[in-house]
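Quick look at entry_25.cif (mmCIF, C-alpha atoms):
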data_my_file
loop_
_atom_site.label_atom_id
_atom_site.label_comp_id
_atom_site.auth_asym_id
_atom_site.auth_seq_id
_atom_site.Cartn_x
_atom_site.Cartn_y
_atom_site.Cartn_z
CA MET A 505 -37.75 -37.03 53.00
CA ALA A 506 -34.90 -38.99 51.45
CA HIS A 507 -35.60 -41.50 48.76
CA TRP A 508 -33.57 -44.40 47.43
CA THR A 509 -31.91 -44.77 44.06
CA ILE A 510 -31.13 -48.12 42.52
CA SER A 511 -28.75 -48.73 39.64
CA VAL A 512 -29.09 -52.14 38.00
CA ASN A 513 -26.47 -53.35 35.52
CA GLY A 514 -26.77 -56.10 32.95
CA VAL A 515 -30.34 -55.36 31.85
CA ARG A 516 -30.16 -56.02 28.14
CA ALA A 517 -33.45 -57.65 27.18
CA ALA A 518 -37.14 -56.95 27.63
CA GLN A 519 -37.56 -60.14 29.69
CA GLN A 520 -34.96 -58.91 32.19
CA LEU A 521 -36.74 -55.58 32.43
CA GLU A 522 -40.02 -57.39 33.08
CA ARG A 523 -38.40 -59.49 35.84
CA LEU A 524 -36.90 -56.35 37.37
CA PHE A 525 -40.17 -54.44 37.50
CA GLY A 526 -42.01 -57.59 38.57
CA ALA A 527 -39.80 -57.71 41.66
CA PHE A 528 -40.71 -54.11 42.49
CA ALA A 529 -44.40 -54.89 42.05
CA ARG A 530 -44.30 -58.08 44.18
CA LEU A 531 -42.56 -56.23 47.00
CA GLY A 532 -44.83 -53.19 46.74
CA VAL A 533 -41.95 -50.80 45.98
CA PRO A 534 -43.21 -47.74 44.05
CA VAL A 535 -40.88 -46.23 41.44
CA ARG A 536 -40.89 -42.43 41.07
CA SER A 537 -38.87 -42.27 37.87
CA GLY A 538 -36.41 -44.26 35.84
CA ARG A 539 -33.82 -43.93 33.15
CA LEU A 540 -32.75 -46.69 30.78
CA GLY A 541 -29.23 -46.78 29.44
CA HIS A 542 -27.12 -49.25 27.48
CA GLY A 543 -27.38 -52.34 29.66
CA HIS A 544 -28.40 -50.55 32.83
CA VAL A 545 -31.43 -49.08 34.54
CA HIS A 546 -31.37 -46.23 37.08
CA LEU A 547 -34.48 -45.97 39.24
CA VAL A 548 -35.55 -43.36 41.78
CA LEU A 549 -37.98 -44.75 44.33
CA GLU A 550 -40.78 -42.87 46.03
CA PRO A 551 -39.82 -41.42 49.42
CA GLY A 552 -40.59 -43.93 52.15
CA ALA A 553 -40.66 -46.88 49.72
CA PRO A 554 -40.26 -50.24 51.51
CA THR A 555 -36.77 -51.30 50.37
CA ARG A 556 -35.71 -53.75 53.08
CA LEU A 557 -36.18 -56.90 50.96
CA LEU A 558 -35.37 -55.39 47.57
CA PRO A 559 -31.55 -55.84 47.43
CA GLN A 560 -31.79 -59.54 48.32
CA GLU A 561 -34.58 -60.09 45.77
CA LEU A 562 -32.58 -58.43 42.99
CA VAL A 563 -29.53 -60.60 43.78
CA ARG A 564 -31.77 -63.70 43.85
CA LEU A 565 -32.96 -62.78 40.34
CA GLY A 566 -29.36 -62.42 39.15
CA PHE A 567 -29.16 -58.64 38.93
CA ASP A 568 -26.06 -56.62 39.79
CA ALA A 569 -27.65 -53.72 41.69
CA VAL A 570 -26.42 -50.84 43.83
CA THR A 571 -28.94 -49.29 46.21
CA GLU A 572 -28.18 -45.87 47.68
CA PRO A 573 -30.12 -43.57 49.96
CA GLY A 574 -30.21 -39.87 49.37
CA GLU A 575 -31.65 -36.91 47.57
CA HIS A 576 -30.57 -37.30 43.96
CA LEU A 577 -33.15 -35.03 42.40
CA LEU A 578 -31.07 -33.88 39.44
CA GLU A 579 -30.41 -37.49 38.46
CA ALA A 580 -34.15 -38.04 38.19
CA LEU A 581 -34.41 -35.54 35.33
CA SER A 582 -33.69 -36.25 31.69
CA GLU A 583 -31.15 -34.08 29.87
CA ARG A 584 -33.95 -32.05 28.24
CA GLU A 585 -35.77 -31.59 31.57
CA ARG A 586 -32.52 -30.30 33.09
CA GLU A 587 -32.05 -27.98 30.11
CA LEU A 588 -35.56 -26.59 30.64
CA MET A 589 -34.83 -26.05 34.35
CA GLU A 590 -31.67 -24.13 33.46
CA HIS A 591 -33.75 -21.74 31.36
CA LEU A 592 -36.52 -21.40 33.95
CA ALA A 593 -33.95 -20.78 36.70
CA ALA A 594 -32.46 -18.03 34.50
CA GLY A 595 -35.86 -16.34 34.56
CA LEU A 596 -37.12 -17.24 31.10
CA GLN A 597 -40.80 -17.77 30.42
CA MET A 598 -41.89 -21.18 29.11
CA LYS A 599 -42.35 -19.91 25.53
CA GLU A 600 -38.86 -18.38 25.40
CA ALA A 601 -37.29 -21.45 27.00
CA ALA A 602 -38.97 -23.62 24.36
CA ARG A 603 -37.71 -21.36 21.58
CA ARG A 604 -34.12 -21.55 22.85
CA MET A 605 -34.38 -25.33 23.15
CA GLY A 606 -35.71 -25.57 19.58
CA ILE A 607 -38.95 -27.26 20.66
CA GLU A 608 -42.66 -26.45 20.69
CA THR A 609 -44.09 -24.74 23.78
CA ASN A 610 -46.33 -27.76 24.37
CA THR A 611 -43.26 -30.02 24.48
CA ALA A 612 -41.67 -27.70 27.06
CA ARG A 613 -44.91 -27.87 29.06
CA GLU A 614 -44.69 -31.68 28.99
CA TYR A 615 -41.11 -31.51 30.30
CA TRP A 616 -42.33 -29.14 33.01
CA ALA A 617 -45.12 -31.56 33.96
CA ARG A 618 -42.53 -34.33 34.31
CA VAL A 619 -40.29 -32.16 36.51
CA LYS A 620 -43.25 -31.35 38.76
CA ARG A 621 -44.19 -35.02 39.05
CA LYS A 622 -40.64 -36.24 39.68
CA TRP A 623 -39.83 -33.55 42.24
CA GLY A 624 -43.25 -33.22 43.84
CA VAL A 625 -43.41 -29.45 43.28
CA ARG A 626 -46.28 -27.31 42.07
CA THR A 627 -44.80 -23.94 41.15
CA PHE A 628 -41.90 -22.54 39.13
CA GLY A 629 -40.62 -20.98 42.35
CA GLN A 630 -40.50 -24.32 44.16
CA ALA A 631 -38.79 -25.97 41.19
CA VAL A 632 -36.22 -23.19 40.79
CA SER A 633 -35.49 -23.25 44.52
CA THR A 634 -34.98 -27.02 44.37
CA TRP A 635 -32.83 -26.64 41.25
CA MET A 636 -30.56 -24.05 42.87
CA THR A 637 -30.25 -26.11 46.07
CA GLU A 638 -29.37 -29.24 44.12
CA LEU A 639 -26.80 -27.42 41.97
CA ALA A 640 -25.19 -25.97 45.07
CA SER A 641 -24.97 -29.41 46.67
CA GLY A 642 -23.66 -31.05 43.49
CA SER A 643 -25.94 -34.01 44.23
CA ASP A 644 -25.69 -35.74 40.86
CA GLY A 645 -21.92 -35.68 40.61
CA HIS A 646 -21.78 -34.29 37.07
CA GLY A 647 -23.46 -30.89 37.10
CA ALA A 648 -26.83 -29.86 35.82
CA ALA A 649 -26.55 -30.41 32.10
CA GLY A 650 -25.01 -33.57 30.70
#
Could you take the file, read its structure, and then write that structure out as structure tokens?
Amino acid sequence: MAHWTISVNGVRAAQQLERLFGAFARLGVPVRSGRLGHGHVHLVLEPGAPTRLLPQELVRLGFDAVTEPGEHLLEALSERERELMEHLAAGLQMKEAARRMGIETNTAREYWARVKRKWGVRTFGQAVSTWMTELASGSDGHGAAG
């Protein structure tokens, strides 16, 4: 099922972030994952999230937002989560992937838990299959690793 992504520009203060997430809460729009950047927020909504009123509400609150439908699964992952998926897709075990990333195995397991939650998968096989499909489709517009 397709989900929606929303990019909001001009979010520079904690109060603006509170207003933004308050709008999502008031409208009952669940957020699957998010990424904060310099002055912008990129959110991936849960599949089937009620988005009909969201664009108008964000404009009313003074936000410059772009709402797009689609499967943007790679965008949902952080750079380190994508790096872990590269290693897992290459057939490495978690311990070896962690070693190559220069992190503790427990940290790699936390990244893996986030990937599973964001993508709604349970197994390495499901995640690797999703990873390969997304890479082939070029869904995030800039490749797997940033």
Separation of CA of Val535 (chain A) from CA of Met636 (chain A), in Å and rounded to one decimal:
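A separation of 24.5 Å between them.
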So which residues get picked by the PyMOL selection byres ((chain A and resi 550) around 9) here, written as a list in words?
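Matching residues under the PyMOL selection byres ((chain A and resi 550) around 9) are Ala506, His507, Trp508, Val533, Pro534, Val535, Arg536, Ser537, Val548, Leu549, Pro551, Gly552 and Ala553 of chain A.
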What would the selection look like, as a ChimeraX atom specification, if the PyMOL selection byres ((chain A and resi 521-524) around 12) were run on the coordinates I just shared?
/A:510-520,525-531,533,535,538,540-541,543-547,558-559,561-569
Atomic distance CA of Ala631 (chain A) - CA of Leu592 (chain A), expressed in Å with one decimal
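That distance, rounded to one decimal, is 8.9 Å.
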To one decimal in Å, tell me the separation between CA of Thr571 (chain A) and CA of Tyr615 (chain A).
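Rounded to one decimal, the two atoms are 26.8 Å apart.
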For the file shown, what are the residues hit by the PyMOL selection byres ((chain A and resi 620-630) around 8), laid out as a list in words?
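Answer for the PyMOL selection byres ((chain A and resi 620-630) around 8): Arg536, Ser537, Leu577, Ala580, Leu581, Leu592, Trp616, Ala617, Arg618, Val619, Ala631, Val632, Ser633 and Thr634 of chain A.
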